[in-house]
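Shown here: run.pdb, PDB, C-alpha atoms and all ligand atoms.
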```
ATOM      1  CA  MET A 778      42.709  49.687 -32.401  1.00  0.00           C
ATOM      2  CA  THR A 779      41.306  53.177 -32.050  1.00  0.00           C
ATOM      3  CA  GLU A 780      40.356  54.224 -28.519  1.00  0.00           C
ATOM      4  CA  TYR A 781      37.755  56.899 -27.848  1.00  0.00           C
ATOM      5  CA  ARG A 782      37.017  59.143 -24.861  1.00  0.00           C
ATOM      6  CA  ILE A 783      34.003  61.446 -24.550  1.00  0.00           C
ATOM      7  CA  GLY A 784      34.102  64.660 -22.532  1.00  0.00           C
ATOM      8  CA  GLN A 785      31.410  67.079 -21.428  1.00  0.00           C
ATOM      9  CA  GLY A 786      31.834  70.698 -20.381  1.00  0.00           C
ATOM     10  CA  SER A 787      29.588  73.588 -19.470  1.00  0.00           C
ATOM     11  CA  ASP A 788      30.048  77.126 -18.255  1.00  0.00           C
ATOM     12  CA  LEU A 789      27.985  80.184 -17.464  1.00  0.00           C
ATOM     13  CA  HIS A 790      29.091  83.791 -17.358  1.00  0.00           C
ATOM     14  CA  VAL A 791      27.194  86.769 -16.050  1.00  0.00           C
ATOM     15  CA  LEU A 792      26.745  89.744 -18.369  1.00  0.00           C
ATOM     16  CA  ALA A 793      27.988  93.193 -17.387  1.00  0.00           C
ATOM     17  CA  GLU A 794      28.458  96.624 -18.901  1.00  0.00           C
ATOM     18  CA  ASN A 795      31.794  97.812 -20.249  1.00  0.00           C
ATOM     19  CA  ARG A 796      33.008  94.309 -20.988  1.00  0.00           C
ATOM     20  CA  ASP A 797      33.675  92.575 -24.316  1.00  0.00           C
ATOM     21  CA  PHE A 798      31.321  89.919 -25.643  1.00  0.00           C
ATOM     22  CA  ILE A 799      33.749  87.264 -26.900  1.00  0.00           C
ATOM     23  CA  LEU A 800      32.733  83.773 -28.000  1.00  0.00           C
ATOM     24  CA  GLY A 801      35.219  81.276 -29.412  1.00  0.00           C
ATOM     25  CA  GLY A 802      37.809  84.032 -29.746  1.00  0.00           C
ATOM     26  CA  VAL A 803      35.476  86.217 -31.834  1.00  0.00           C
ATOM     27  CA  LYS A 804      34.538  89.639 -30.484  1.00  0.00           C
ATOM     28  CA  ILE A 805      30.867  90.241 -31.218  1.00  0.00           C
ATOM     29  CA  PRO A 806      29.350  93.734 -31.107  1.00  0.00           C
ATOM     30  CA  HIS A 807      26.869  93.877 -28.212  1.00  0.00           C
ATOM     31  CA  SER A 808      25.705  96.307 -25.525  1.00  0.00           C
ATOM     32  CA  VAL A 809      27.076  94.116 -22.699  1.00  0.00           C
ATOM     33  CA  GLY A 810      29.883  91.605 -22.237  1.00  0.00           C
ATOM     34  CA  PHE A 811      31.145  88.971 -19.849  1.00  0.00           C
ATOM     35  CA  LYS A 812      32.021  89.663 -16.255  1.00  0.00           C
ATOM     36  CA  ALA A 813      34.979  87.369 -15.535  1.00  0.00           C
ATOM     37  CA  HIS A 814      38.531  87.142 -14.264  1.00  0.00           C
ATOM     38  CA  SER A 815      39.727  86.244 -17.772  1.00  0.00           C
ATOM     39  CA  ASP A 816      38.314  87.678 -21.013  1.00  0.00           C
ATOM     40  CA  GLY A 817      35.162  85.708 -20.155  1.00  0.00           C
ATOM     41  CA  ASP A 818      35.018  83.550 -23.265  1.00  0.00           C
ATOM     42  CA  VAL A 819      32.377  81.182 -21.940  1.00  0.00           C
ATOM     43  CA  LEU A 820      32.414  79.011 -25.083  1.00  0.00           C
ATOM     44  CA  ILE A 821      36.145  78.367 -24.884  1.00  0.00           C
ATOM     45  CA  HIS A 822      35.874  77.644 -21.157  1.00  0.00           C
ATOM     46  CA  ALA A 823      33.221  74.970 -21.783  1.00  0.00           C
ATOM     47  CA  ILE A 824      35.370  73.437 -24.529  1.00  0.00           C
ATOM     48  CA  ILE A 825      38.406  73.335 -22.228  1.00  0.00           C
ATOM     49  CA  ASP A 826      36.343  71.601 -19.534  1.00  0.00           C
ATOM     50  CA  SER A 827      35.156  69.014 -22.064  1.00  0.00           C
ATOM     51  CA  LEU A 828      38.761  68.311 -23.130  1.00  0.00           C
ATOM     52  CA  PHE A 829      39.969  67.892 -19.554  1.00  0.00           C
ATOM     53  CA  GLY A 830      36.836  65.926 -18.656  1.00  0.00           C
ATOM     54  CA  ALA A 831      37.435  63.392 -21.429  1.00  0.00           C
ATOM     55  CA  LEU A 832      40.800  62.513 -19.872  1.00  0.00           C
ATOM     56  CA  CYS A 833      39.772  62.806 -16.176  1.00  0.00           C
ATOM     57  CA  LEU A 834      42.099  65.783 -15.803  1.00  0.00           C
ATOM     58  CA  GLU A 835      39.848  67.738 -13.428  1.00  0.00           C
ATOM     59  CA  ASP A 836      38.614  71.085 -14.727  1.00  0.00           C
ATOM     60  CA  ILE A 837      39.676  74.465 -16.047  1.00  0.00           C
ATOM     61  CA  GLY A 838      40.002  75.918 -12.536  1.00  0.00           C
ATOM     62  CA  ALA A 839      42.520  73.233 -11.543  1.00  0.00           C
ATOM     63  CA  HIS A 840      44.756  74.106 -14.509  1.00  0.00           C
ATOM     64  CA  PHE A 841      44.190  77.862 -14.741  1.00  0.00           C
ATOM     65  CA  PRO A 842      43.150  79.067 -11.248  1.00  0.00           C
ATOM     66  CA  ASP A 843      41.193  82.332 -11.318  1.00  0.00           C
ATOM     67  CA  ASN A 844      42.995  83.553  -8.171  1.00  0.00           C
ATOM     68  CA  ASN A 845      46.272  83.500 -10.122  1.00  0.00           C
ATOM     69  CA  PRO A 846      47.031  87.031 -11.378  1.00  0.00           C
ATOM     70  CA  LYS A 847      48.618  85.419 -14.446  1.00  0.00           C
ATOM     71  CA  TYR A 848      45.102  84.713 -15.728  1.00  0.00           C
ATOM     72  CA  LYS A 849      43.656  88.177 -15.047  1.00  0.00           C
ATOM     73  CA  ASN A 850      42.035  89.287 -18.322  1.00  0.00           C
ATOM     74  CA  ALA A 851      43.714  86.267 -19.937  1.00  0.00           C
ATOM     75  CA  ASP A 852      43.044  85.658 -23.606  1.00  0.00           C
ATOM     76  CA  SER A 853      41.109  82.394 -23.424  1.00  0.00           C
ATOM     77  CA  ARG A 854      42.481  81.365 -26.813  1.00  0.00           C
ATOM     78  CA  ASN A 855      45.849  80.873 -25.117  1.00  0.00           C
ATOM     79  CA  LEU A 856      44.235  78.734 -22.414  1.00  0.00           C
ATOM     80  CA  LEU A 857      42.648  76.577 -25.125  1.00  0.00           C
ATOM     81  CA  ARG A 858      46.020  76.256 -26.878  1.00  0.00           C
ATOM     82  CA  GLU A 859      47.543  75.074 -23.599  1.00  0.00           C
ATOM     83  CA  ALA A 860      44.678  72.640 -23.007  1.00  0.00           C
ATOM     84  CA  ILE A 861      44.879  71.055 -26.463  1.00  0.00           C
ATOM     85  CA  SER A 862      48.640  70.710 -26.141  1.00  0.00           C
ATOM     86  CA  ILE A 863      48.135  68.778 -22.880  1.00  0.00           C
ATOM     87  CA  VAL A 864      45.616  66.534 -24.697  1.00  0.00           C
ATOM     88  CA  ARG A 865      47.987  65.968 -27.638  1.00  0.00           C
ATOM     89  CA  GLY A 866      50.874  65.401 -25.235  1.00  0.00           C
ATOM     90  CA  LYS A 867      48.973  62.364 -23.944  1.00  0.00           C
ATOM     91  CA  GLY A 868      48.530  61.048 -27.487  1.00  0.00           C
ATOM     92  CA  TRP A 869      44.900  62.075 -28.041  1.00  0.00           C
ATOM     93  CA  GLU A 870      43.360  63.950 -30.957  1.00  0.00           C
ATOM     94  CA  ILE A 871      39.934  65.556 -31.351  1.00  0.00           C
ATOM     95  CA  ASN A 872      37.511  63.477 -33.401  1.00  0.00           C
ATOM     96  CA  ASN A 873      34.836  66.189 -33.247  1.00  0.00           C
ATOM     97  CA  LEU A 874      33.215  68.603 -30.857  1.00  0.00           C
ATOM     98  CA  ASP A 875      29.677  69.896 -30.597  1.00  0.00           C
ATOM     99  CA  SER A 876      28.597  72.925 -28.585  1.00  0.00           C
ATOM    100  CA  THR A 877      25.445  74.893 -27.819  1.00  0.00           C
ATOM    101  CA  ILE A 878      25.469  78.548 -26.790  1.00  0.00           C
ATOM    102  CA  HIS A 879      22.421  79.600 -24.775  1.00  0.00           C
ATOM    103  CA  ALA A 880      22.046  83.365 -25.217  1.00  0.00           C
ATOM    104  CA  GLU A 881      18.979  85.564 -25.463  1.00  0.00           C
ATOM    105  CA  ALA A 882      20.846  88.269 -27.389  1.00  0.00           C
ATOM    106  CA  PRO A 883      22.458  89.218 -29.697  1.00  0.00           C
ATOM    107  CA  LYS A 884      21.450  87.101 -32.683  1.00  0.00           C
ATOM    108  CA  LEU A 885      24.389  84.723 -33.073  1.00  0.00           C
ATOM    109  CA  ARG A 886      23.575  83.079 -36.389  1.00  0.00           C
ATOM    110  CA  PRO A 887      25.568  85.643 -38.437  1.00  0.00           C
ATOM    111  CA  HIS A 888      28.653  84.901 -36.295  1.00  0.00           C
ATOM    112  CA  ILE A 889      28.542  81.104 -36.135  1.00  0.00           C
ATOM    113  CA  GLU A 890      30.804  80.505 -39.133  1.00  0.00           C
ATOM    114  CA  SER A 891      33.512  82.856 -37.898  1.00  0.00           C
ATOM    115  CA  ILE A 892      33.341  81.287 -34.433  1.00  0.00           C
ATOM    116  CA  ARG A 893      33.737  77.784 -35.922  1.00  0.00           C
ATOM    117  CA  LYS A 894      36.654  78.952 -38.052  1.00  0.00           C
ATOM    118  CA  SER A 895      38.319  80.647 -35.081  1.00  0.00           C
ATOM    119  CA  LEU A 896      38.016  77.523 -32.902  1.00  0.00           C
ATOM    120  CA  ALA A 897      39.245  75.240 -35.698  1.00  0.00           C
ATOM    121  CA  GLU A 898      42.313  77.463 -36.128  1.00  0.00           C
ATOM    122  CA  ILE A 899      43.120  77.523 -32.409  1.00  0.00           C
ATOM    123  CA  LEU A 900      42.660  73.747 -32.157  1.00  0.00           C
ATOM    124  CA  ASP A 901      44.416  73.145 -35.486  1.00  0.00           C
ATOM    125  CA  ILE A 902      41.654  70.876 -36.797  1.00  0.00           C
ATOM    126  CA  ASP A 903      39.241  71.023 -39.756  1.00  0.00           C
ATOM    127  CA  THR A 904      36.234  73.321 -39.411  1.00  0.00           C
ATOM    128  CA  ASP A 905      33.909  70.397 -40.150  1.00  0.00           C
ATOM    129  CA  LYS A 906      34.924  68.867 -36.811  1.00  0.00           C
ATOM    130  CA  VAL A 907      33.686  71.915 -34.894  1.00  0.00           C
ATOM    131  CA  SER A 908      29.951  72.380 -34.436  1.00  0.00           C
ATOM    132  CA  VAL A 909      28.601  75.529 -32.786  1.00  0.00           C
ATOM    133  CA  LYS A 910      24.879  75.988 -32.287  1.00  0.00           C
ATOM    134  CA  ALA A 911      22.991  78.818 -30.628  1.00  0.00           C
ATOM    135  CA  LYS A 912      19.582  79.079 -29.040  1.00  0.00           C
ATOM    136  CA  THR A 913      17.605  81.380 -26.770  1.00  0.00           C
ATOM    137  CA  SER A 914      15.935  80.419 -23.499  1.00  0.00           C
ATOM    138  CA  GLU A 915      12.540  81.797 -24.500  1.00  0.00           C
ATOM    139  CA  GLY A 916      12.665  84.638 -22.000  1.00  0.00           C
ATOM    140  CA  VAL A 917      12.971  82.531 -18.859  1.00  0.00           C
ATOM    141  CA  ASP A 918      15.825  81.689 -16.445  1.00  0.00           C
ATOM    142  CA  ALA A 919      19.026  83.731 -16.133  1.00  0.00           C
ATOM    143  CA  VAL A 920      19.774  83.333 -19.833  1.00  0.00           C
ATOM    144  CA  GLY A 921      16.282  84.307 -20.899  1.00  0.00           C
ATOM    145  CA  GLU A 922      16.364  87.347 -18.638  1.00  0.00           C
ATOM    146  CA  LYS A 923      19.615  88.419 -20.322  1.00  0.00           C
ATOM    147  CA  LEU A 924      21.603  88.116 -17.098  1.00  0.00           C
ATOM    148  CA  ALA A 925      23.936  85.398 -18.339  1.00  0.00           C
ATOM    149  CA  VAL A 926      25.109  83.255 -21.239  1.00  0.00           C
ATOM    150  CA  ARG A 927      25.585  79.514 -20.827  1.00  0.00           C
ATOM    151  CA  VAL A 928      27.414  76.998 -23.019  1.00  0.00           C
ATOM    152  CA  ASP A 929      27.284  73.223 -23.172  1.00  0.00           C
ATOM    153  CA  CYS A 930      29.885  71.232 -25.057  1.00  0.00           C
ATOM    154  CA  VAL A 931      30.754  67.618 -25.773  1.00  0.00           C
ATOM    155  CA  VAL A 932      33.979  66.435 -27.355  1.00  0.00           C
ATOM    156  CA  LEU A 933      35.040  63.047 -28.672  1.00  0.00           C
ATOM    157  CA  LEU A 934      38.749  62.271 -28.455  1.00  0.00           C
ATOM    158  CA  LYS A 935      40.473  59.438 -30.289  1.00  0.00           C
ATOM    159  CA  LYS A 936      43.847  57.752 -29.967  1.00  0.00           C
TER     160      LYS A 936
HETATM  161 MG    MG B   1      34.383  80.472 -17.238  1.00  0.00          MG
END
```
This entry written out as structure tokens:
Amino acid sequence: MTEYRIGQGSDLHVLAENRDFILGGVKIPHSVGFKAHSDGDVLIHAIIDSLFGALCLEDIGAHFPDNNPKYKNADSRNLLREAISIVRGKGWEINNLDSTIHAEAPKLRPHIESIRKSLAEILDIDTDKVSVKAKTSEGVDAVGEKLAVRVDCVVLLKK
């Protein structure tokens, strides 16, 4: 009998000058980037939290503490590789994941396919199991005022 577990994750990163704007391992040309201890890949961080959440394994900070110098400017793709290997080590596989990026700028539509492909490669699953959507916040809240980017993600695991 197939067992399923659902996991939810979200993250928000503040935007700052002289930082890269990286989503799902894809560097996107933009005037500002993410202020963070790691490379600031807010999409990958939300995905990692959804994976750990599905298995009641606490959160990204418990596994990769941001006061550990090892994770300073860390490539979040490596954190995601570690997270998925923990999930697989417990016998679980990703059924599918669905994410929403809340960003006022830049326009993300032209980058969605490369982000999906990048995530599918890191996770070693088919691209059709990885959904990435993007929307603005209509000019209000921290996202709308271009102060931050937020991501929500849900993942379904099966065993
Ligand atoms: Mg984060």
field: Picked residues, the PyMOL selection byres (((chain A and resi 845-861) around 8) and not hetatm), as a list in words
entry: Gly801, Gly802, Ala813, His814, Ser815, Asp816, Gly817, Asp818, Ile821, His822, Ile824, Ile825, Leu828, Phe829, Phe841, Pro842, Asp843, Asn844, Ser862, Ile863, Val864, Arg865, Ile899 and Leu900 of chain A
Selection dump of the PyMOL selection byres (((chain A and resi 883) around 10) and not hetatm), as a ChimeraX atom specification: /A:798,805-809,880-882,884-887,913,923
message: Starting from the PyMOL selection byres (((chain A and resi 785) around 7) and not hetatm), expand the selection into actual residues of this file and give them as a count of residues only.
response: 9
query: So how far away is atom CA of Leu820 of chain A from atom CA of Gly838 of chain A, in Å?
result: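 Interatomic distance, atom CA of Gly838 of chain A to atom CA of Leu820 of chain A: 15.0 Å.
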- prompt: When distances are computed from all atoms listed in the file, which of A:Ser787, A:Thr877, A:Ser908, A:Asn795 shows the smallest separation from ligand MG 1 (chain B)?
  reply: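 Distance minimum relative to ligand MG 1 (chain B) lands on A:Ser787.
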query: So how far away is atom CA of Ile889 of chain A from atom CA of Ala911 of chain A, in Å?
result: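 Atom CA of Ala911 of chain A sits 8.1 Å away from atom CA of Ile889 of chain A.
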- request: Measure the distance from atom CA of Lys936 of chain A to atom CA of His840 of chain A in Å and round it to one decimal.
  value: 22.5 Å
message: Using all atoms listed in the file for the distances, tell me which of A:Arg796, A:Asp901, A:Thr779, A:Ile837 is nearest to ligand MG 1 (chain B).
response: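 Among the listed residues, the smallest separation from ligand MG 1 (chain B) belongs to A:Ile837.
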- prompt: Which is closer to His790 of chain A than all the others in A:Leu896, A:Ile871, A:Ala919, A:Cys833, using only C-alpha atoms?
  reply: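 Among the listed residues, the smallest separation from His790 of chain A belongs to A:Ala919.
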- prompt: Looking at only C-alpha atoms and all ligand atoms, which of A:Glu794, A:Glu780, A:Asp836, A:Asp903 is the one that sits closest to ligand MG 1 (chain B)?
  reply: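 Closest candidate: A:Asp836.
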query: Which is closer to Val920 of chain A than all the others in A:Arg893, A:Lys906, A:His888, A:His879, using all atoms listed in the file?
result: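 That would be A:His879, the residue with the smallest distance to Val920 of chain A.
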task: Might you pull out every residue within 8 Å of Leu789 of chain A, with all atoms listed in the file counted and same-chain residues fewer than 4 positions away left off, and present them as a list in words?
output: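 Once the nearby chain positions are removed, what remains is Val819, Ala925, Val926, Arg927 and Val928 of chain A.
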Put those residues in a file: C-alpha atoms, as a tab-separated table (two decimals), keeping the file's coordinate frame.
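Result written to part.tsv:
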```tsv
chain	number	residue	atom	x	y	z
A	819	VAL	CA	32.38	81.18	-21.94
A	925	ALA	CA	23.94	85.40	-18.34
A	926	VAL	CA	25.11	83.26	-21.24
A	927	ARG	CA	25.58	79.51	-20.83
A	928	VAL	CA	27.41	77.00	-23.02
```
task: Rank A:Tyr781, A:Ala793, A:Lys894, A:Ala823 by their smallest atom-to-atom distance to ligand MG 1 (chain B), using all atoms listed in the file, and report the top residue only.
output: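 Among the listed residues, the smallest separation from ligand MG 1 (chain B) belongs to A:Ala823.
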With 8 Å of padding per side, what axis-aligned box (centre and edge lengths, Å, one decimal) covers all the listed atoms of segment 907-915 of chain A? Give it as AutoDock Vina command-line options.
```
--center_x 23.1 --center_y 76.9 --center_z -29.2 --size_x 37.1 --size_y 25.9 --size_z 27.4
```
N, CA and C atoms for segment 855-878 of chain A, written as an mmCIF file, in the frame of the given file, could you do that?
```cif
data_model
loop_
_atom_site.group_PDB
_atom_site.id
_atom_site.type_symbol
_atom_site.label_atom_id
_atom_site.label_comp_id
_atom_site.auth_asym_id
_atom_site.auth_seq_id
_atom_site.Cartn_x
_atom_site.Cartn_y
_atom_site.Cartn_z
ATOM 1 N N ASN A 855 44.577 81.444 -25.581
ATOM 2 C CA ASN A 855 45.849 80.873 -25.117
ATOM 3 C C ASN A 855 45.618 79.725 -24.145
ATOM 4 N N LEU A 856 44.560 79.829 -23.335
ATOM 5 C CA LEU A 856 44.235 78.734 -22.414
ATOM 6 C C LEU A 856 43.831 77.487 -23.215
ATOM 7 N N LEU A 857 43.070 77.712 -24.286
ATOM 8 C CA LEU A 857 42.648 76.577 -25.125
ATOM 9 C C LEU A 857 43.862 75.957 -25.821
ATOM 10 N N ARG A 858 44.792 76.799 -26.265
ATOM 11 C CA ARG A 858 46.020 76.256 -26.878
ATOM 12 C C ARG A 858 46.792 75.398 -25.879
ATOM 13 N N GLU A 859 46.853 75.870 -24.634
ATOM 14 C CA GLU A 859 47.543 75.074 -23.599
ATOM 15 C C GLU A 859 46.808 73.762 -23.350
ATOM 16 N N ALA A 860 45.481 73.845 -23.290
ATOM 17 C CA ALA A 860 44.678 72.640 -23.007
ATOM 18 C C ALA A 860 44.852 71.598 -24.113
ATOM 19 N N ILE A 861 44.780 72.034 -25.366
ATOM 20 C CA ILE A 861 44.879 71.055 -26.463
ATOM 21 C C ILE A 861 46.294 70.483 -26.527
ATOM 22 N N SER A 862 47.290 71.262 -26.110
ATOM 23 C CA SER A 862 48.640 70.710 -26.141
ATOM 24 C C SER A 862 48.824 69.652 -25.038
ATOM 25 N N ILE A 863 48.122 69.816 -23.923
ATOM 26 C CA ILE A 863 48.135 68.778 -22.880
ATOM 27 C C ILE A 863 47.486 67.494 -23.418
ATOM 28 N N VAL A 864 46.337 67.677 -24.122
ATOM 29 C CA VAL A 864 45.616 66.534 -24.697
ATOM 30 C C VAL A 864 46.506 65.808 -25.715
ATOM 31 N N ARG A 865 47.124 66.579 -26.597
ATOM 32 C CA ARG A 865 47.987 65.968 -27.638
ATOM 33 C C ARG A 865 49.216 65.323 -27.003
ATOM 34 N N GLY A 866 49.701 65.949 -25.923
ATOM 35 C CA GLY A 866 50.874 65.401 -25.235
ATOM 36 C C GLY A 866 50.614 64.012 -24.679
ATOM 37 N N LYS A 867 49.330 63.692 -24.446
ATOM 38 C CA LYS A 867 48.973 62.364 -23.944
ATOM 39 C C LYS A 867 48.568 61.431 -25.090
ATOM 40 N N GLY A 868 48.750 61.909 -26.325
ATOM 41 C CA GLY A 868 48.530 61.048 -27.487
ATOM 42 C C GLY A 868 47.120 61.075 -28.062
ATOM 43 N N TRP A 869 46.285 62.026 -27.573
ATOM 44 C CA TRP A 869 44.900 62.075 -28.041
ATOM 45 C C TRP A 869 44.707 63.170 -29.068
ATOM 46 N N GLU A 870 43.717 62.973 -29.935
ATOM 47 C CA GLU A 870 43.360 63.950 -30.957
ATOM 48 C C GLU A 870 41.838 64.141 -30.922
ATOM 49 N N ILE A 871 41.381 65.312 -31.322
ATOM 50 C CA ILE A 871 39.934 65.556 -31.351
ATOM 51 C C ILE A 871 39.312 64.870 -32.556
ATOM 52 N N ASN A 872 38.302 64.041 -32.298
ATOM 53 C CA ASN A 872 37.511 63.477 -33.401
ATOM 54 C C ASN A 872 36.508 64.523 -33.871
ATOM 55 N N ASN A 873 35.755 65.079 -32.943
ATOM 56 C CA ASN A 873 34.836 66.189 -33.247
ATOM 57 C C ASN A 873 34.346 66.795 -31.939
ATOM 58 N N LEU A 874 33.856 68.009 -32.032
ATOM 59 C CA LEU A 874 33.215 68.603 -30.857
ATOM 60 C C LEU A 874 31.926 69.294 -31.279
ATOM 61 N N ASP A 875 30.996 69.318 -30.339
ATOM 62 C CA ASP A 875 29.677 69.896 -30.597
ATOM 63 C C ASP A 875 29.292 70.766 -29.405
ATOM 64 N N SER A 876 28.900 71.999 -29.680
ATOM 65 C CA SER A 876 28.597 72.925 -28.585
ATOM 66 C C SER A 876 27.282 73.649 -28.831
ATOM 67 N N THR A 877 26.666 74.083 -27.746
ATOM 68 C CA THR A 877 25.445 74.893 -27.819
ATOM 69 C C THR A 877 25.622 76.118 -26.935
ATOM 70 N N ILE A 878 25.443 77.284 -27.539
ATOM 71 C CA ILE A 878 25.469 78.548 -26.790
ATOM 72 C C ILE A 878 24.029 78.914 -26.466
#
```
